[in-house]
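Let me begin by presenting the structure, written as structure tokens, before commenting on it.
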Amino acid sequence: MSDLPTEAPAAAAEPPGPAPPGVDFRTEPSRYRHWRLSVDGPVATLTMDVDEHGGIVPGYELKLNSYDLGVDIELYDAVQRLRFEHPRVRAVVVTGGKEKVFCAGANIRMLAASDHGWKVNFCKFTNETRGAIEDASAHSGQTWIAAVNGTASGGGYELALACEHLMLIDDRSSVVSLPELPLLGVLPGTGGLTRVLDKRHVRRDRADYFATRTEGIGGRRAVQWRLVDEVVPRPAWEETVARRAGELAARSDRPRDATGITLTPLTKTRGAHTIAYRYVTADLDPQRRTAEISLQGPDGDAPSDMAAAHALGADFWPLAVARELDDLVLDLRTNETELGTWLLRTRGEAARVLAHDALLLDHADDWLAREITLYLKRTLKRLDVTSRSVIALAEPGSCFAGTLLELLLAADRSFALDGVFEEEPEAGCATVTVGPMNLGPLPMGNGLTRLATRFLGDDVALTAVEAVENMPQTAAAAEELGLVTFAPDDIDWADEVRLTVEERAGFSPDALTGLEANYRFPGPETLETKIFGRLSAWQNWIFYRPNASGPDGALRAYGTGRRAAFDRKRV
């Protein structure tokens, strides 16, 4: 968006260029403007109390606990901190901090004023955050409860849908609703529609009625239709919420006496042409429309045990690299929308990567090992659903092994150098190594590993790859096994990579987004693949249509007293 705030100008050492973009995904509880987080033993309460004047950009007020990207950035941070800093928390209650309103959903003025890309990326991020909540309930023993203490509309109900247990106050006025279609001419972020059917198992005919009714549904009908799990009279509200949270907390396997890991502020240098962390860097080239991303492997041996890993805290390499890559993907996705091709490289010793993987997997019953593995899974999924062309380059000195091999497997195309560069013969040949992390712990949104997705329907090829577990494969062997796309030699390397990048830059970005979204998720259809596939297609298209975003569209007409003017042709 043109009116995004900007950071300080780039340092003098930076090449000339525009000031860095201003959306920063880093925050922490003392800086929250919209949420209050409190912890009482095994139960945490996250209260949504949005600052009306705290929009991430000017031009609208966040009334009735409506939200924008800034509100959801804080929510995502809270989700992460609850998992890592509060291992003893077994249940999380999400509730509203305003009278008779839980959350009014995404702010309509914000949506109407935002450009197309901002709207789509905003919806994607909110769905990823809700996915992280669902992941906590499903895999971390940290059950999320929606204590809907007032009306929950649109994205507000979507937030509740992400929770494992939904409680609605029964006060004759509070309802849940998905009114985007009748009021705004758009969809409820697609996550709402998908979760109503695939997660809540609401009957299709009832869901159709629900999503076309502006008034919403409350009381007993909301329970009968499975839109919520229970309704609670106002006099018994606080007591019932506390009791339910205690019951769900009692089922958890999270430790009762563990000490959390502080998610210390990320050290990040952000310029017009570079983004740098400790282990992750990106060189931005607007002319080539590329971001060259490099991940550094561990700079030392793996800790001797998980106790030593706990002592390292946020400096433990798998956690540090996951946090840095997560932040980089969000930064580039939001702030560098014209850099359509990402080139992925790694540097380091493959054996150290595999040793860190082994430590996590050998101690899978340790809460921190589990949380780091789950975080790596979520970060890689974020890469999977990003609308950028991803090309992995395995060169001498690279360490595409185990966890870092997942980056290569996530790429749309990959190259491995066959041999060495003439000017750097001492670097040795490039190799890639399949490790235990590639065989199950880091599934994609379709529920399959990236290897199983790569070799879908070809069990012979998948078995051959599994047979070389922990055995470094040269470029030629990796190409033969199907682990990389091409293995050019030193003579052809630069030209093949250059032509691929130039070709990609010349294609329609919209067509590439559709192509990549289709090819990245073969195999089983899941709640996640539906949500993000529909974001790339249906919601993308609907947001772009004049019926929603045109001068006489529903988004712009809302609240003005004018009726939207629809093109009545069905497409």
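We name chains A, B, ... following the order of the structure tokens; residues begin at 1 in each chain, and ligands are numbered from 1 as shown.
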Restrict the calculation to only C-alpha atoms, then for each residue of segment 169-268 of chain A with any atom at most 9 Å from an atom of segment 98-110 of chain A give the closest atom pair and their distance in Å to one decimal, rows by chain and rising residue number, as a tab-separated table.
residue	atom	partner	partner_atom	distance
A:Ser173	CA	A:Lys100	CA	8.2
A:Ser174	CA	A:Lys100	CA	7.0
A:Leu184	CA	A:Ile108	CA	8.4
Write the selection just made, keeping all heavy atoms, as a JSON list (two decimals), in the first residue's frame?
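Dumped to selection07.json:
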[["chain", "number", "residue", "atom", "x", "y", "z"],
["A", 173, "SER", "N", -28.95, -11.72, 22.43],
["A", 173, "SER", "CA", -28.49, -10.78, 21.40],
["A", 173, "SER", "C", -27.20, -11.24, 20.72],
["A", 173, "SER", "O", -26.96, -10.90, 19.57],
["A", 173, "SER", "CB", -28.27, -9.38, 22.00],
["A", 173, "SER", "OG", -27.22, -9.40, 22.95],
["A", 174, "SER", "N", -26.38, -12.03, 21.41],
["A", 174, "SER", "CA", -25.10, -12.45, 20.84],
["A", 174, "SER", "C", -25.29, -13.59, 19.85],
["A", 174, "SER", "O", -25.97, -14.58, 20.13],
["A", 174, "SER", "CB", -24.15, -12.90, 21.96],
["A", 174, "SER", "OG", -23.82, -11.81, 22.79],
["A", 184, "LEU", "N", -20.84, -7.60, 1.77],
["A", 184, "LEU", "CA", -19.64, -7.06, 1.14],
["A", 184, "LEU", "C", -19.34, -7.63, -0.23],
["A", 184, "LEU", "O", -18.42, -7.16, -0.91],
["A", 184, "LEU", "CB", -18.42, -7.30, 2.06],
["A", 184, "LEU", "CG", -18.56, -6.82, 3.50],
["A", 184, "LEU", "CD1", -17.35, -7.22, 4.31],
["A", 184, "LEU", "CD2", -18.79, -5.32, 3.55]]
Point to revise | Contacts of Pro303 of chain A at 9 Å (only C-alpha atoms; same-chain gap of 3+ positions) as a VMD selection string | key: chain A and resid 300 306 to 309 312 316 355 to 356 359
So which residues touch segment 536-550 of chain A within 8 Å, counting only C-alpha atoms, skipping near sequence neighbours fewer than 2 positions away, as a count of residues only? 25
Which of segment 332-569 of chain A counts as helix (DSSP H, G or I) under DSSP, as an MDAnalysis selection string please?
chainID A and resid 332:335 350:362 367:384 402:410 425:427 436:439 450:454 459:466 475:481 490:506 509:519 527:544 546:549 554:557
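Between atom CA of Arg289 of chain A and atom CA of Thr337 of chain A there is a distance of 9.4 Å.
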### 10 Å contact set for Ala207 of chain A, only C-alpha atoms, chain neighbours under 6 positions out, as a ChimeraX atom specification
/A:178,193,196-197,201,213,225,227
Using only C-alpha atoms, the residue out of A:Val465, A:Leu404, A:Ala475, A:Leu295 with shortest distance to Thr431 of chain A is A:Ala475
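Running DSSP on the backbone and keeping only strand (DSSP E or B), the residues of segment 215-335 of chain A that qualify are Ile217, Glu230, Val231, Val232, Pro233, Thr269, Arg270, Thr274, Ile275, Ala276, Val280, Thr281, Ala282, Asp283, Leu284, Asp285, Thr290, Ala291, Glu292, Ile293, Ser294, Leu295 and Gln296 of chain A.
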- Item | Exercise: Arg88 of chain A partners within 7 Å, only C-alpha atoms, chain neighbours under 2 positions left out, as a PyMOL selection string | chain A and resi 42+86+90+254-258
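By only C-alpha atoms, and with residues fewer than 4 positions from segment 424-428 of chain A along its chain excluded, the set lying at most 8 Å from it is Pro396, Gly397, Gly419 and Val420 of chain A.
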Take the residues from that selection and write them out as a short mmCIF file (atom, residue, chain, number, x, y, z; two decimals), in the first residue's frame, keeping C-alpha atoms.
data_model
loop_
_atom_site.label_atom_id
_atom_site.label_comp_id
_atom_site.auth_asym_id
_atom_site.auth_seq_id
_atom_site.Cartn_x
_atom_site.Cartn_y
_atom_site.Cartn_z
CA PRO A 396 29.69 -26.62 -3.49
CA GLY A 397 29.63 -25.81 0.21
CA GLY A 419 31.37 -31.12 -10.21
CA VAL A 420 33.04 -28.01 -8.83
#
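Interatomic distance, atom CA of Thr45 of chain A against atom CA of Glu324 of chain A: 27.5 Å.
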Could you list, as a PyMOL selection string, every residue within 6 Å of segment 392-395 of chain A, counting only C-alpha atoms and ignoring same-chain residues fewer than 5 positions away? chain A and resi 343-345+408+411+414-417+430
Counting only C-alpha atoms, closest pick from A:Arg333, A:His34, A:Arg352, A:Arg270 relative to Gly435 of chain A is A:Arg352
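The smallest atom-to-atom distance between Phe125 of chain A and any of A:Leu380, A:Leu409, A:Leu69, A:Ala245, using only C-alpha atoms, is found for A:Leu69.
From atom CA of Ser387 of chain A back to atom CA of Phe507 of chain A, the distance works out to 13.6 Å.
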Using only C-alpha atoms, the best pick from A:Ser398, A:Asn518, A:Leu319, A:Arg504 as closest to Ile372 of chain A would be A:Leu319
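Taking only C-alpha atoms into account, Val89 of chain A lies nearest to A:Ala249 out of the set A:Val71, A:Ala249, A:Ala222, A:Leu499.
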Please produce, as JSON lines, a per-residue contact table for segment 271-366 of chain A versus segment 373-377 of chain A (criterion: any atom at most 10 Å away, only C-alpha atoms considered), showing the nearest atom pair and its distance in Å to one decimal, sorted by chain then residue number.
{"residue": "A:Pro318", "atom": "CA", "partner": "A:Leu376", "partner_atom": "CA", "distance": 7.8}
{"residue": "A:Leu319", "atom": "CA", "partner": "A:Tyr375", "partner_atom": "CA", "distance": 7.9}
{"residue": "A:Val321", "atom": "CA", "partner": "A:Leu376", "partner_atom": "CA", "distance": 8.8}
{"residue": "A:Ala322", "atom": "CA", "partner": "A:Leu376", "partner_atom": "CA", "distance": 5.7}
{"residue": "A:Arg323", "atom": "CA", "partner": "A:Tyr375", "partner_atom": "CA", "distance": 8.4}
{"residue": "A:Leu325", "atom": "CA", "partner": "A:Leu376", "partner_atom": "CA", "distance": 9.5}
{"residue": "A:Asp326", "atom": "CA", "partner": "A:Leu376", "partner_atom": "CA", "distance": 8.9}
{"residue": "A:Asp357", "atom": "CA", "partner": "A:Thr373", "partner_atom": "CA", "distance": 8.9}
{"residue": "A:Leu360", "atom": "CA", "partner": "A:Thr373", "partner_atom": "CA", "distance": 7.2}
{"residue": "A:Leu361", "atom": "CA", "partner": "A:Thr373", "partner_atom": "CA", "distance": 8.4}
{"residue": "A:Ala364", "atom": "CA", "partner": "A:Thr373", "partner_atom": "CA", "distance": 8.7}
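When only C-alpha atoms are used to measure the gap to Arg200 of chain A, the shortest distance among A:Leu527, A:Val571, A:Val79, A:Val434 belongs to A:Leu527.
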